[in-house]
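Structure file input-v2.cif with mmCIF, C-alpha atoms (C1' of nucleotides):
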```cif
data_coords
#
loop_
_atom_site.label_atom_id
_atom_site.label_comp_id
_atom_site.auth_asym_id
_atom_site.auth_seq_id
_atom_site.Cartn_x
_atom_site.Cartn_y
_atom_site.Cartn_z
CA MET A 8 -18.01 -2.07 5.94
CA ILE A 9 -18.78 -5.40 4.31
CA ARG A 10 -17.08 -5.29 0.97
CA GLN A 11 -18.55 -6.79 -2.15
CA ASN A 12 -17.63 -7.13 -5.79
CA LYS A 13 -20.56 -8.49 -7.75
CA GLU A 14 -18.96 -7.93 -11.14
CA LEU A 15 -16.02 -10.12 -10.24
CA LEU A 16 -18.28 -12.76 -8.72
CA ASN A 17 -20.32 -12.99 -11.90
CA TYR A 18 -17.24 -13.48 -13.99
CA VAL A 19 -15.77 -16.11 -11.68
CA MET A 20 -19.06 -18.00 -11.71
CA LYS A 21 -18.81 -18.10 -15.47
CA LEU A 22 -15.23 -19.33 -15.26
CA HIS A 23 -16.35 -21.98 -12.80
CA GLN A 24 -18.59 -23.41 -15.49
CA SER A 25 -16.48 -22.84 -18.57
CA GLU A 26 -12.95 -23.60 -17.44
CA ALA A 27 -11.72 -27.17 -17.81
CA ASN A 28 -9.87 -29.30 -15.25
CA ASN A 29 -11.55 -27.82 -12.23
CA ALA A 30 -9.65 -24.59 -12.63
CA VAL A 31 -12.19 -23.03 -10.29
CA ILE A 32 -13.18 -25.14 -7.29
CA GLU A 33 -16.00 -24.54 -4.84
CA GLN A 34 -15.42 -25.01 -1.10
CA THR A 35 -17.42 -24.35 2.05
CA PHE A 36 -16.30 -23.16 5.48
CA THR A 37 -18.03 -22.94 8.84
CA PRO A 38 -17.68 -20.04 11.31
CA LYS A 39 -14.19 -19.64 12.80
CA GLN A 40 -12.52 -21.76 10.16
CA GLN A 41 -9.33 -20.27 8.72
CA ILE A 42 -9.19 -19.61 4.99
CA ILE A 43 -5.74 -18.00 4.93
CA GLN A 44 -3.18 -17.84 7.72
CA HIS A 45 -0.54 -15.24 8.36
CA GLY A 46 2.98 -16.27 7.41
CA LYS A 47 1.94 -19.23 5.31
CA GLN A 48 2.26 -19.69 1.58
CA VAL A 49 -0.79 -18.79 -0.45
CA ILE A 50 -1.58 -21.51 -2.98
CA TYR A 51 -5.12 -20.46 -3.80
CA VAL A 52 -6.77 -17.17 -4.56
CA CYS A 53 -10.30 -17.19 -3.12
CA ILE A 54 -13.42 -15.33 -4.22
CA PHE A 55 -16.38 -15.33 -1.84
CA LYS A 56 -19.62 -16.70 -3.22
CA SER A 57 -21.67 -16.20 -0.05
CA GLY A 58 -21.21 -15.49 3.63
CA ILE A 59 -18.98 -13.11 5.60
CA ALA A 60 -15.32 -13.41 6.56
CA LYS A 61 -12.95 -11.16 8.44
CA CYS A 62 -9.47 -10.18 7.33
CA PHE A 63 -7.20 -9.32 10.24
CA LEU A 64 -3.63 -8.87 11.43
CA THR A 65 -2.38 -9.78 14.88
CA GLU A 66 0.16 -7.32 16.27
CA ASP A 67 3.19 -8.11 18.43
CA ASN A 68 1.31 -6.87 21.50
CA GLY A 69 -1.49 -9.35 20.91
CA LYS A 70 -3.98 -6.83 19.58
CA GLU A 71 -6.00 -7.85 16.60
CA PHE A 72 -6.76 -5.33 13.87
CA ILE A 73 -9.50 -6.02 11.34
CA GLU A 74 -8.68 -4.83 7.85
CA GLU A 75 -12.04 -5.62 6.31
CA PHE A 76 -15.12 -7.73 6.39
CA PHE A 77 -15.47 -9.51 3.09
CA GLY A 78 -18.76 -10.49 1.45
CA GLU A 79 -19.90 -11.62 -1.97
CA GLY A 80 -17.38 -11.33 -4.76
CA GLU A 81 -14.49 -10.09 -2.67
CA ILE A 82 -11.16 -11.65 -3.43
CA VAL A 83 -8.37 -12.68 -1.06
CA GLY A 84 -4.88 -14.04 -1.63
CA GLU A 85 -4.36 -12.12 -4.85
CA ILE A 86 -1.91 -9.65 -3.22
CA GLU A 87 0.31 -12.47 -2.07
CA VAL A 88 0.22 -14.27 -5.41
CA ILE A 89 0.96 -11.13 -7.42
CA ASN A 90 3.78 -9.96 -5.19
CA GLU A 91 4.99 -13.46 -4.42
CA HIS A 92 5.23 -13.23 -0.69
CA LEU A 93 3.83 -15.11 2.27
CA SER A 94 0.43 -14.20 3.61
CA VAL A 95 0.26 -10.88 5.41
CA ALA A 96 -3.11 -11.35 7.00
CA ASN A 97 -5.47 -13.95 8.35
CA ILE A 98 -8.83 -14.65 6.78
CA GLU A 99 -11.43 -16.32 8.97
CA ALA A 100 -15.06 -17.22 8.37
CA ILE A 101 -17.61 -15.35 10.49
CA SER A 102 -20.73 -16.97 9.03
CA ASP A 103 -21.08 -20.09 6.91
CA LEU A 104 -19.12 -19.47 3.79
CA VAL A 105 -18.90 -20.64 0.21
CA VAL A 106 -15.81 -19.68 -1.80
CA TYR A 107 -14.41 -20.24 -5.25
CA LYS A 108 -10.76 -21.24 -5.17
CA ILE A 109 -8.37 -20.66 -8.05
CA LYS A 110 -4.91 -22.21 -7.95
CA LYS A 111 -2.05 -19.73 -7.95
CA ASP A 112 -0.76 -20.88 -11.33
CA THR A 113 -4.19 -20.80 -12.89
CA PHE A 114 -4.70 -17.32 -11.50
CA ASN A 115 -1.44 -16.13 -13.05
CA ARG A 116 -2.35 -17.76 -16.35
CA LEU A 117 -5.75 -16.04 -16.35
CA LEU A 118 -4.12 -12.70 -15.57
CA GLU A 119 -1.89 -13.11 -18.62
CA SER A 120 -4.29 -14.57 -21.11
CA ASP A 121 -7.73 -13.24 -20.18
CA LYS A 122 -7.96 -9.49 -20.69
CA THR A 123 -11.36 -9.22 -19.05
CA PHE A 124 -10.12 -11.06 -16.00
CA ASN A 125 -6.99 -8.95 -15.89
CA HIS A 126 -9.03 -5.79 -15.93
CA LEU A 127 -11.41 -7.06 -13.26
CA ILE A 128 -8.44 -7.72 -11.00
CA LEU A 129 -6.97 -4.28 -11.69
CA LYS A 130 -10.32 -2.82 -10.74
CA ALA A 131 -10.61 -5.00 -7.65
CA LEU A 132 -7.19 -3.88 -6.43
CA SER A 133 -7.99 -0.24 -7.15
CA SER A 134 -11.23 -0.50 -5.21
CA LYS A 135 -9.47 -1.97 -2.23
CA ILE A 136 -7.09 0.96 -2.14
CA HIS A 137 -9.95 3.37 -2.64
CA TYR A 138 -12.15 2.12 0.17
CA LYS A 139 -9.23 1.60 2.54
CA ALA A 140 -8.20 5.21 1.97
CA ILE A 141 -11.67 6.55 2.65
CA ARG A 142 -12.28 4.36 5.64
CA HIS A 143 -9.05 5.12 7.47
CA SER A 144 -9.30 8.78 6.78
CA TYR A 145 -12.83 8.89 8.14
CA ASN A 146 -12.07 6.72 11.15
CA GLN A 147 -9.03 8.72 12.18
CA SER A 148 -10.73 12.04 11.70
CA HIS A 149 -13.99 11.35 13.51
CA PRO A 150 -15.02 10.31 17.03
CA VAL A 151 -16.17 6.77 17.74
CA GLU A 152 -19.80 7.86 17.76
CA SER A 153 -19.63 9.11 14.16
CA ASN A 154 -17.88 5.96 13.08
CA LEU A 155 -20.65 3.82 14.51
CA LEU A 156 -23.34 5.89 12.84
CA ARG A 157 -21.49 5.53 9.57
CA LEU A 158 -21.36 1.75 9.91
CA LYS A 159 -25.04 1.62 10.72
CA LYS A 160 -25.83 3.64 7.63
CA ASP A 161 -23.76 1.26 5.51
CA PHE A 162 -25.06 -1.90 7.09
CA PRO A 163 -27.93 -1.33 9.52
CA ASP A 164 -27.74 -4.79 11.07
CA PHE A 165 -24.01 -4.95 11.74
CA ILE A 166 -24.42 -5.15 15.52
CA SER A 167 -26.18 -8.49 15.35
CA ALA A 168 -24.25 -9.90 12.39
CA ILE A 169 -20.76 -9.28 13.74
CA PRO A 170 -19.38 -10.01 17.22
CA LYS A 171 -18.78 -6.92 19.33
CA GLN A 172 -15.10 -7.63 19.77
CA ASP A 173 -14.67 -7.73 15.99
CA ILE A 174 -16.39 -4.40 15.59
CA ALA A 175 -14.11 -2.93 18.23
CA ASN A 176 -11.05 -4.36 16.48
CA TYR A 177 -12.30 -2.96 13.20
CA LEU A 178 -12.53 0.51 14.69
CA GLY A 179 -9.26 0.18 16.55
CA ILE A 180 -10.88 0.72 19.95
CA THR A 181 -11.51 -1.45 22.99
CA LEU A 182 -14.68 -3.37 23.65
CA ARG A 183 -15.25 -1.13 26.65
CA SER A 184 -15.21 1.99 24.53
CA LEU A 185 -17.52 0.42 22.01
CA ASN A 186 -20.06 -0.48 24.67
CA ARG A 187 -19.86 2.93 26.25
CA THR A 188 -20.53 4.68 22.97
CA LEU A 189 -23.32 2.30 22.00
CA ASN A 190 -24.93 3.08 25.33
CA ASP A 191 -24.68 6.81 24.76
CA LEU A 192 -26.36 6.35 21.40
CA LYS A 193 -29.14 4.28 22.98
CA VAL A 194 -29.75 6.95 25.60
CA LYS A 195 -29.92 9.53 22.84
CA GLY A 196 -32.52 7.40 21.09
CA ILE A 197 -30.40 6.61 18.07
CA PHE A 198 -29.55 2.91 17.70
CA MET B 15 6.64 6.14 5.59
CA ILE B 16 7.98 7.55 2.32
CA ARG B 17 6.96 5.06 -0.31
CA GLN B 18 9.12 4.19 -3.26
CA ASN B 19 8.98 1.90 -6.27
CA LYS B 20 12.34 1.82 -8.01
CA GLU B 21 11.40 -1.01 -10.33
CA LEU B 22 8.51 0.97 -11.76
CA LEU B 23 10.62 4.12 -12.02
CA ASN B 24 13.28 2.29 -14.03
CA TYR B 25 10.70 1.02 -16.46
CA VAL B 26 9.02 4.38 -16.88
CA MET B 27 12.38 6.02 -17.52
CA LYS B 28 12.89 3.53 -20.33
CA LEU B 29 9.44 4.30 -21.71
CA HIS B 30 10.25 7.99 -21.52
CA GLN B 31 13.10 7.41 -23.96
CA SER B 32 11.59 4.75 -26.18
CA GLU B 33 7.98 5.80 -26.59
CA ALA B 34 7.11 8.06 -29.47
CA ASN B 35 4.97 11.23 -29.48
CA ASN B 36 5.88 12.31 -26.00
CA ALA B 37 3.87 9.51 -24.47
CA VAL B 38 5.77 10.13 -21.26
CA ILE B 39 6.31 13.78 -20.36
CA GLU B 40 8.51 15.22 -17.66
CA GLN B 41 7.25 18.03 -15.43
CA THR B 42 8.52 19.82 -12.34
CA PHE B 43 6.65 21.18 -9.32
CA THR B 44 7.67 23.42 -6.44
CA PRO B 45 6.61 22.92 -2.79
CA LYS B 46 2.86 23.35 -2.13
CA GLN B 47 1.91 22.99 -5.79
CA GLN B 48 -1.03 20.69 -6.43
CA ILE B 49 -0.48 17.67 -8.68
CA ILE B 50 -3.95 16.16 -8.30
CA GLN B 51 -7.01 17.73 -6.72
CA HIS B 52 -9.93 16.05 -5.03
CA GLY B 53 -13.09 15.88 -7.10
CA LYS B 54 -11.44 16.72 -10.38
CA GLN B 55 -10.96 14.54 -13.41
CA VAL B 56 -7.65 12.74 -13.65
CA ILE B 57 -6.16 13.08 -17.11
CA TYR B 58 -2.63 12.04 -16.29
CA VAL B 59 -1.10 9.24 -14.29
CA CYS B 60 2.06 10.51 -12.60
CA ILE B 61 5.19 8.65 -11.52
CA PHE B 62 7.59 10.48 -9.24
CA LYS B 63 11.13 10.81 -10.50
CA SER B 64 12.46 12.75 -7.51
CA GLY B 65 11.23 14.67 -4.48
CA ILE B 66 8.49 14.08 -1.91
CA ALA B 67 4.75 14.67 -2.15
CA LYS B 68 1.88 14.09 0.22
CA CYS B 69 -1.36 12.34 -0.60
CA PHE B 70 -4.23 13.48 1.61
CA LEU B 71 -7.99 13.67 2.07
CA THR B 72 -9.83 16.57 3.65
CA GLU B 73 -12.77 15.49 5.79
CA ASP B 74 -16.10 17.28 6.20
CA ASN B 75 -14.95 18.57 9.59
CA GLY B 76 -11.92 20.22 8.06
CA LYS B 77 -9.42 17.66 9.30
CA GLU B 78 -6.77 16.57 6.88
CA PHE B 79 -5.69 12.95 6.80
CA ILE B 80 -2.46 11.99 5.08
CA GLU B 81 -2.64 8.70 3.23
CA GLU B 82 0.99 8.50 2.27
CA PHE B 83 4.14 10.37 1.51
CA PHE B 84 5.30 9.46 -1.97
CA GLY B 85 8.88 9.33 -3.15
CA GLU B 86 10.79 7.95 -6.13
CA GLY B 87 8.87 5.66 -8.41
CA GLU B 88 5.53 5.93 -6.66
CA ILE B 89 2.54 6.30 -8.90
CA VAL B 90 -0.58 8.44 -8.46
CA GLY B 91 -3.78 8.77 -10.46
CA GLU B 92 -3.80 5.15 -11.56
CA ILE B 93 -6.69 4.25 -9.24
CA GLU B 94 -8.89 6.91 -10.75
CA VAL B 95 -8.00 6.00 -14.33
CA ILE B 96 -8.56 2.28 -13.78
CA ASN B 97 -11.84 2.69 -11.95
CA GLU B 98 -12.91 5.68 -14.01
CA HIS B 99 -13.91 8.02 -11.25
CA LEU B 100 -12.97 11.49 -10.14
CA SER B 101 -9.99 12.00 -7.90
CA VAL B 102 -10.44 10.80 -4.37
CA ALA B 103 -7.43 12.46 -2.88
CA ASN B 104 -5.19 15.49 -3.21
CA ILE B 105 -1.54 15.21 -4.13
CA GLU B 106 0.68 18.12 -3.17
CA ALA B 107 4.42 18.65 -3.50
CA ILE B 108 6.34 18.92 -0.23
CA SER B 109 9.80 19.36 -1.74
CA ASP B 110 10.80 20.26 -5.28
CA LEU B 111 9.46 17.54 -7.48
CA VAL B 112 10.05 15.97 -10.86
CA VAL B 113 7.36 13.67 -12.23
CA TYR B 114 6.73 11.64 -15.36
CA LYS B 115 3.22 12.15 -16.69
CA ILE B 116 1.41 9.60 -18.82
CA LYS B 117 -1.88 10.51 -20.48
CA LYS B 118 -4.86 8.48 -19.37
CA ASP B 119 -5.37 6.93 -22.81
CA THR B 120 -1.71 6.11 -23.17
CA PHE B 121 -1.76 4.52 -19.73
CA ASN B 122 -4.72 2.36 -20.69
CA ARG B 123 -3.04 1.37 -23.95
CA LEU B 124 0.14 0.40 -22.13
CA LEU B 125 -1.86 -1.66 -19.64
CA GLU B 126 -3.41 -3.58 -22.50
CA SER B 127 -0.45 -4.00 -24.80
CA ASP B 128 2.62 -4.08 -22.57
CA LYS B 129 2.66 -7.17 -20.36
CA THR B 130 5.63 -6.01 -18.36
CA PHE B 131 3.97 -2.69 -17.66
CA ASN B 132 0.72 -4.41 -16.78
CA HIS B 133 2.48 -6.60 -14.28
CA LEU B 134 4.37 -3.68 -12.76
CA ILE B 135 1.07 -1.91 -12.18
CA LEU B 136 -0.49 -5.02 -10.65
CA LYS B 137 2.48 -5.19 -8.31
CA ALA B 138 2.32 -1.48 -7.53
CA LEU B 139 -1.35 -1.75 -6.59
CA SER B 140 -0.71 -4.83 -4.49
CA SER B 141 2.11 -3.10 -2.65
CA LYS B 142 -0.09 -0.14 -1.85
CA ILE B 143 -2.68 -2.42 -0.29
CA HIS B 144 0.04 -4.31 1.53
CA TYR B 145 1.73 -1.33 3.11
CA LYS B 146 -1.56 0.41 3.88
CA ALA B 147 -2.73 -2.69 5.71
CA ILE B 148 0.42 -2.95 7.79
CA ARG B 149 0.60 0.72 8.55
CA HIS B 150 -2.98 1.16 9.74
CA SER B 151 -2.90 -1.99 11.76
CA TYR B 152 0.27 -0.87 13.50
CA ASN B 153 -0.91 2.69 14.03
CA GLN B 154 -4.23 1.69 15.51
CA SER B 155 -2.71 -0.95 17.76
CA HIS B 156 0.16 1.01 19.21
CA PRO B 157 0.55 4.21 21.22
CA VAL B 158 1.80 7.40 19.56
CA GLU B 159 5.26 6.90 21.04
CA SER B 160 5.73 3.55 19.28
CA ASN B 161 4.46 5.01 16.03
CA LEU B 162 7.04 7.77 16.17
CA LEU B 163 9.86 5.34 16.92
CA ARG B 164 8.73 3.26 13.98
CA LEU B 165 8.81 6.28 11.65
CA LYS B 166 12.26 7.21 12.88
CA LYS B 167 13.51 3.70 12.18
CA ASP B 168 12.09 3.87 8.66
CA PHE B 169 13.25 7.38 7.91
CA PRO B 170 15.55 8.85 10.59
CA ASP B 171 15.31 12.39 9.32
CA PHE B 172 11.54 12.68 8.96
CA ILE B 173 11.21 15.39 11.60
CA SER B 174 13.21 17.87 9.57
CA ALA B 175 12.02 16.77 6.13
CA ILE B 176 8.29 16.94 6.83
CA PRO B 177 6.29 19.70 8.55
CA LYS B 178 5.04 18.78 12.02
CA GLN B 179 1.41 19.29 11.11
CA ASP B 180 1.77 16.80 8.26
CA ILE B 181 3.29 14.21 10.57
CA ALA B 182 0.41 14.70 12.98
CA ASN B 183 -2.10 14.34 10.16
CA TYR B 184 -0.33 11.21 9.00
CA LEU B 185 -0.65 9.66 12.44
CA GLY B 186 -4.20 10.89 12.90
CA ILE B 187 -3.36 12.91 16.01
CA THR B 188 -3.21 16.59 16.86
CA LEU B 189 -0.12 18.70 16.67
CA ARG B 190 -0.32 19.12 20.44
CA SER B 191 -0.17 15.38 20.98
CA LEU B 192 2.71 15.03 18.60
CA ASN B 193 4.75 17.70 20.40
CA ARG B 194 3.97 16.22 23.78
CA THR B 195 5.15 12.78 22.75
CA LEU B 196 8.25 14.14 21.02
CA ASN B 197 9.10 15.93 24.24
CA ASP B 198 8.68 12.76 26.29
CA LEU B 199 11.05 11.01 23.92
CA LYS B 200 13.59 13.82 24.20
CA VAL B 201 13.47 13.64 27.99
CA LYS B 202 14.02 9.90 27.78
CA GLY B 203 17.07 10.54 25.62
CA ILE B 204 15.66 8.92 22.51
CA PHE B 205 15.18 11.34 19.59
"C1'" DT C 3 -28.95 -31.46 36.09
"C1'" DC C 4 -24.85 -29.14 36.95
"C1'" DT C 5 -20.61 -27.08 35.56
"C1'" DT C 6 -18.05 -24.47 32.31
"C1'" DT C 7 -16.96 -21.37 28.75
"C1'" DG C 8 -17.37 -17.31 26.05
"C1'" DA C 9 -19.80 -13.20 24.74
"C1'" DA C 10 -21.80 -9.11 26.60
"C1'" DA C 11 -22.32 -5.23 29.85
"C1'" DG C 12 -20.88 -1.68 32.81
"C1'" DG C 13 -18.50 0.57 37.41
"C1'" DA C 14 -14.34 2.90 38.98
"C1'" DC C 15 -10.24 4.86 38.21
"C1'" DA C 16 -5.95 5.84 35.38
"C1'" DA C 17 -3.88 7.35 31.27
"C1'" DT C 18 -3.99 9.45 26.98
"C1'" DT C 19 -5.36 12.80 23.79
"C1'" DG C 20 -7.89 16.98 22.44
"C1'" DT C 21 -9.19 21.94 22.92
"C1'" DC C 22 -8.05 26.45 23.65
"C1'" DC C 23 -4.80 29.70 24.23
"C1'" DA C 24 -0.58 32.47 24.64
"C1'" DA C 25 4.26 33.02 23.53
"C1'" DC C 26 8.09 32.86 20.55
"C1'" DC C 27 10.72 32.68 16.24
"C1'" DT C 28 11.80 33.66 11.36
"C1'" DG C 29 11.16 35.29 6.85
"C1'" DT C 30 8.69 38.38 3.88
"C1'" DA C 31 6.31 42.36 2.42
"C1'" DA C 32 4.98 47.12 3.21
"C1'" DT D 25 12.66 49.29 10.16
"C1'" DT D 26 8.06 47.57 11.26
"C1'" DA D 27 4.22 44.64 10.89
"C1'" DC D 28 2.34 40.47 9.83
"C1'" DA D 29 1.74 35.62 8.64
"C1'" DG D 30 3.02 30.99 9.47
"C1'" DG D 31 5.39 27.39 11.76
"C1'" DT D 32 6.58 25.79 16.37
"C1'" DT D 33 6.10 25.07 21.32
"C1'" DG D 34 3.92 24.14 25.65
"C1'" DG D 35 0.49 25.32 29.90
"C1'" DA D 36 -4.03 24.29 31.82
"C1'" DC D 37 -7.99 21.99 31.76
"C1'" DA D 38 -11.70 19.03 29.53
"C1'" DA D 39 -13.03 15.02 27.19
"C1'" DT D 40 -12.20 10.63 25.57
"C1'" DT D 41 -10.48 6.12 25.82
"C1'" DG D 42 -8.07 2.35 28.18
"C1'" DT D 43 -7.34 -0.93 32.09
"C1'" DC D 44 -9.00 -3.87 35.39
"C1'" DC D 45 -12.53 -6.19 37.30
"C1'" DT D 46 -17.15 -8.09 38.48
"C1'" DT D 47 -21.64 -9.63 36.98
"C1'" DT D 48 -24.91 -11.67 33.97
"C1'" DC D 49 -26.59 -14.68 30.60
"C1'" DA D 50 -26.96 -18.40 27.34
"C1'" DA D 51 -25.23 -22.28 24.92
"C1'" DA D 52 -22.36 -26.61 25.13
"C1'" DG D 53 -20.74 -30.48 27.22
"C1'" DA D 54 -19.89 -33.63 31.32
#
```

Output the structure of this file as C-alpha cells.
Amino acid sequence: MIRQNKELLNYVMKLHQSEANNAVIEQTFTPKQQIIQHGKQVIYVCIFKSGIAKCFLTEDNGKEFIEEFFGEGEIVGEIEVINEHLSVANIEAISDLVVYKIKKDTFNRLLESDKTFNHLILKALSSKIHYKAIRHSYNQSHPVESNLLRLKKDFPDFISAIPKQDIANYLGITLRSLNRTLNDLKVKGIF
Amino acid sequence: MIRQNKELLNYVMKLHQSEANNAVIEQTFTPKQQIIQHGKQVIYVCIFKSGIAKCFLTEDNGKEFIEEFFGEGEIVGEIEVINEHLSVANIEAISDLVVYKIKKDTFNRLLESDKTFNHLILKALSSKIHYKAIRHSYNQSHPVESNLLRLKKDFPDFISAIPKQDIANYLGITLRSLNRTLNDLKVKGIF
DNA sequence: TCTTTGAAAGGACAATTGTCCAACCTGTAA
DNA sequence: TTACAGGTTGGACAATTGTCCTTTCAAAGA
C-alpha cells in the first residue's frame, strides 16, 4: 500500500550530484503540507527521498479518495508534465518528507537525452498501472475484512502510521465501517 | 468507459505501411477470443484498429473485475513488455476486432530509436494512469446510480453494446444490483 | 489551569447491496 | 420438433455498509 521505487531513487540521487545548475533540488515538507494541488500547474516533478505522502482526489460530493500512499523513490507530477495538463490530484505530506524536485523543462530534457532515465520513467509508469490494476481489482472483489488483512500483510504497522480516516478513504469506505471491521478482527484475535 | 487513443492509432497505421519486414502485422479476432491471457508471456504488443475488447482480472474467489474496455488506438501488452513480467490481465474480444501486432523486440527497438513513438507511449501510459485514477475515485465515492448515469453520458449505448455481467464486473457490483438500479432509473424515467 | 479542537470509538437505525433462487426468452444442436 | 445452454430479470431475505450522533481522550493554545 505504500509504494516505493528504489531503482528510480538511486538514479535521481546520482543526478542530484552529477547534474549542473541545481537541476535536481532537495526540499523538505512537514505533515499536512501540500506538495501538489489539484487544478494547479505542475512546474516540478518530485521524487520522494524519505517519508510518506498521500495522493488523493476530492469528489464533487466532498468525499476524498486516496489513490496511493507514496514512499521512497515514488514520483509525482510526471503524468501532468508528460500529458501537459493541470494537476489531477493532490499530494500531501503525512510524515516529515524529503523530496527531490526536477523542473518540468529539465525533466523533459532528461526524458529526451538520457536513455536510462527515459526507461526508468517508462518502468515507473508501467508499475503504477500494474499496481493500480491489482489493487482495485482486489478491493472491489473482496470484503473489507480481506482488504484490511491484505494491507496488514503488506505493511504490518499501517494502523499506527496512517490516520484512520485516510485508511478508510483509501479503501473507499466510511470510518464507521473501518472501525467496525477492525473490531471484528480484534474479537477474532487477528489484529 | 471505452478508451481510445486516436493519435497512437494514426502513428501505428503509418508504421504499418512504412516499416519493413512486417514489423507491424494486422490480425482479426471474433467475439470471446483471447488476445492476451493471464500468466502467459507477452510476445506482442497490440494496438486496436477497430472493435471493442475487455481487459479483466480473475480473482482467487472467482470474481472477475474489468479494468477497462478498449477501443480504437488503445494499446495492450506494453506494461508487460516494459516491465518484463508475465501478463497480469486477460484481454478478450467483445465485438469483432482488428488489431495491429508489434513484436516485443520491435516494440523495444521503436521505443529506443523513434522519439515520436517513445513520446506517444509515455503519453499513452500517463493517460491510462489518469483515467484509472479518475474512474476509481468516482466509482468508490458515488452510488451505483450515479455511476450508471456517468457511463450513459460517456457512451449512451453501452447497455446494448456490452453484456450486463461485464458492466456489473466493471462497476464491481453484482448483476442483481445492476438490474435493480437500472429498474429504478427506468421507473424514474431516466434510461 | 481551563477551554478547545481533532482523532478515535461505537450504539442505533436506515439504506444499500449480496445471496439464492425461480422464471422466462432465444438461439443452437440433437 | 425438442432439449439444452446462456443471457436476462426480479422476488425474498440476509448481510454489509452508511448515516447520524454521542462519548472519550489527548494535545495545543488561551

Check: which chain A residues lie within 12 Å of chain D using only C-alpha atoms (C1' of nucleotides), as JSON, numbers by chain: {"A": [150, 151, 152, 179, 180, 181, 182, 183, 184, 185, 186, 187, 188]}

Distance filter 12 Å, only C-alpha atoms (C1' of nucleotides), chain C against chain B, as a ChimeraX atom specification: /C:17-22

Might I get the box with edges along x, y and z of the file that holds all atoms of range 79-82 of chain A listed there, padded by 5 Å on every side, given as centre and edge lengths in Å to one decimal, as AutoDock Vina command-line options?
```
--center_x -15.5 --center_y -10.9 --center_z -3.4 --size_x 18.7 --size_y 11.6 --size_z 12.8
```

Evaluate the PyMOL selection byres ((chain A) within 6 of (chain B)) and report residues as an mmCIF file with C-alpha atoms, in the frame of the given file:
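Wrote it out as selection.cif, contents follow:
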```cif
data_model
loop_
_atom_site.group_PDB
_atom_site.id
_atom_site.type_symbol
_atom_site.label_atom_id
_atom_site.label_comp_id
_atom_site.auth_asym_id
_atom_site.auth_seq_id
_atom_site.Cartn_x
_atom_site.Cartn_y
_atom_site.Cartn_z
ATOM 1 C CA PHE A 72 -6.760 -5.330 13.870
ATOM 2 C CA ILE A 86 -1.910 -9.650 -3.220
ATOM 3 C CA ASN A 90 3.780 -9.960 -5.190
ATOM 4 C CA LYS A 130 -10.320 -2.820 -10.740
ATOM 5 C CA SER A 133 -7.990 -0.240 -7.150
ATOM 6 C CA ILE A 136 -7.090 0.960 -2.140
ATOM 7 C CA SER A 144 -9.300 8.780 6.780
ATOM 8 C CA GLN A 147 -9.030 8.720 12.180
ATOM 9 C CA GLY A 179 -9.260 0.180 16.550
#
```

Computed interatomic separation between CA of Gln11 in chain A and CA of Asn154 in chain A (Å):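 Going from CA of Gln11 in chain A over to CA of Asn154 in chain A covers 19.9 Å.
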
Can you list what the PyMOL selection byres ((chain B and resi 54-61) around 6) grabs from this structure, as a list of chain:residue names?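 Here the PyMOL selection byres ((chain B and resi 54-61) around 6) matches B:Gln51, B:His52, B:Gly53, B:Phe62, B:Gly87, B:Glu88, B:Ile89, B:Val90, B:Gly91, B:Glu92, B:Leu100, B:Ser101, B:Val113, B:Tyr114, B:Lys115, B:Ile116, B:Lys117, B:Lys118.
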
Quick one: pull the distance between CA of Lys56 in chain A and CA of Ala30 in chain A, Å, one decimal.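 Separation between CA of Lys56 in chain A and CA of Ala30 in chain A: 15.8 Å.
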
For the atom pair CA of Leu23 in chain B and CA of Pro170 in chain B, what is the interatomic distance in Å to one decimal place?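 The value is 23.6 Å.
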
Might you pull out every residue within 9 Å of DA9 in chain C, with all atoms listed in the file counted and same-chain residues fewer than 6 positions away left off, and present them as a list of chain:residue names?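 Answer for this query is A:Pro170, A:Lys171, A:Gln172.
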
Can you tell me, as a PyMOL selection string, what residues are no more than 10 Å from Asp110 in chain B when counting only C-alpha atoms (C1' of nucleotides), ignoring any on the same chain fewer than 4 positions away? chain B and resi 42-47+64-67

N, CA and C atoms are needed for range 187-196 of chain B; please write them out as a PDB file, in the coordinates of the input.
```pdb
ATOM      1  N   ILE B 187      -3.345  12.273  14.686  1.00  0.00           N
ATOM      2  CA  ILE B 187      -3.360  12.910  16.010  1.00  0.00           C
ATOM      3  C   ILE B 187      -3.240  14.415  15.840  1.00  0.00           C
ATOM      4  N   THR B 188      -3.354  15.142  16.948  1.00  0.00           N
ATOM      5  CA  THR B 188      -3.210  16.590  16.860  1.00  0.00           C
ATOM      6  C   THR B 188      -1.739  16.974  16.991  1.00  0.00           C
ATOM      7  N   LEU B 189      -1.473  18.179  16.567  1.00  0.00           N
ATOM      8  CA  LEU B 189      -0.120  18.700  16.670  1.00  0.00           C
ATOM      9  C   LEU B 189       0.312  18.729  18.130  1.00  0.00           C
ATOM     10  N   ARG B 190      -0.620  19.080  18.999  1.00  0.00           N
ATOM     11  CA  ARG B 190      -0.320  19.120  20.440  1.00  0.00           C
ATOM     12  C   ARG B 190       0.161  17.756  20.938  1.00  0.00           C
ATOM     13  N   SER B 191      -0.542  16.720  20.543  1.00  0.00           N
ATOM     14  CA  SER B 191      -0.170  15.380  20.980  1.00  0.00           C
ATOM     15  C   SER B 191       1.197  14.979  20.449  1.00  0.00           C
ATOM     16  N   LEU B 192       1.426  15.349  19.204  1.00  0.00           N
ATOM     17  CA  LEU B 192       2.710  15.030  18.600  1.00  0.00           C
ATOM     18  C   LEU B 192       3.845  15.679  19.391  1.00  0.00           C
ATOM     19  N   ASN B 193       3.704  16.976  19.666  1.00  0.00           N
ATOM     20  CA  ASN B 193       4.750  17.700  20.400  1.00  0.00           C
ATOM     21  C   ASN B 193       4.957  17.115  21.786  1.00  0.00           C
ATOM     22  N   ARG B 194       3.880  16.793  22.442  1.00  0.00           N
ATOM     23  CA  ARG B 194       3.970  16.220  23.780  1.00  0.00           C
ATOM     24  C   ARG B 194       4.796  14.936  23.756  1.00  0.00           C
ATOM     25  N   THR B 195       4.461  14.074  22.799  1.00  0.00           N
ATOM     26  CA  THR B 195       5.150  12.780  22.750  1.00  0.00           C
ATOM     27  C   THR B 195       6.611  12.949  22.339  1.00  0.00           C
ATOM     28  N   LEU B 196       6.860  13.884  21.416  1.00  0.00           N
ATOM     29  CA  LEU B 196       8.250  14.140  21.020  1.00  0.00           C
ATOM     30  C   LEU B 196       9.066  14.614  22.214  1.00  0.00           C
TER      31      LEU B 196
END
```
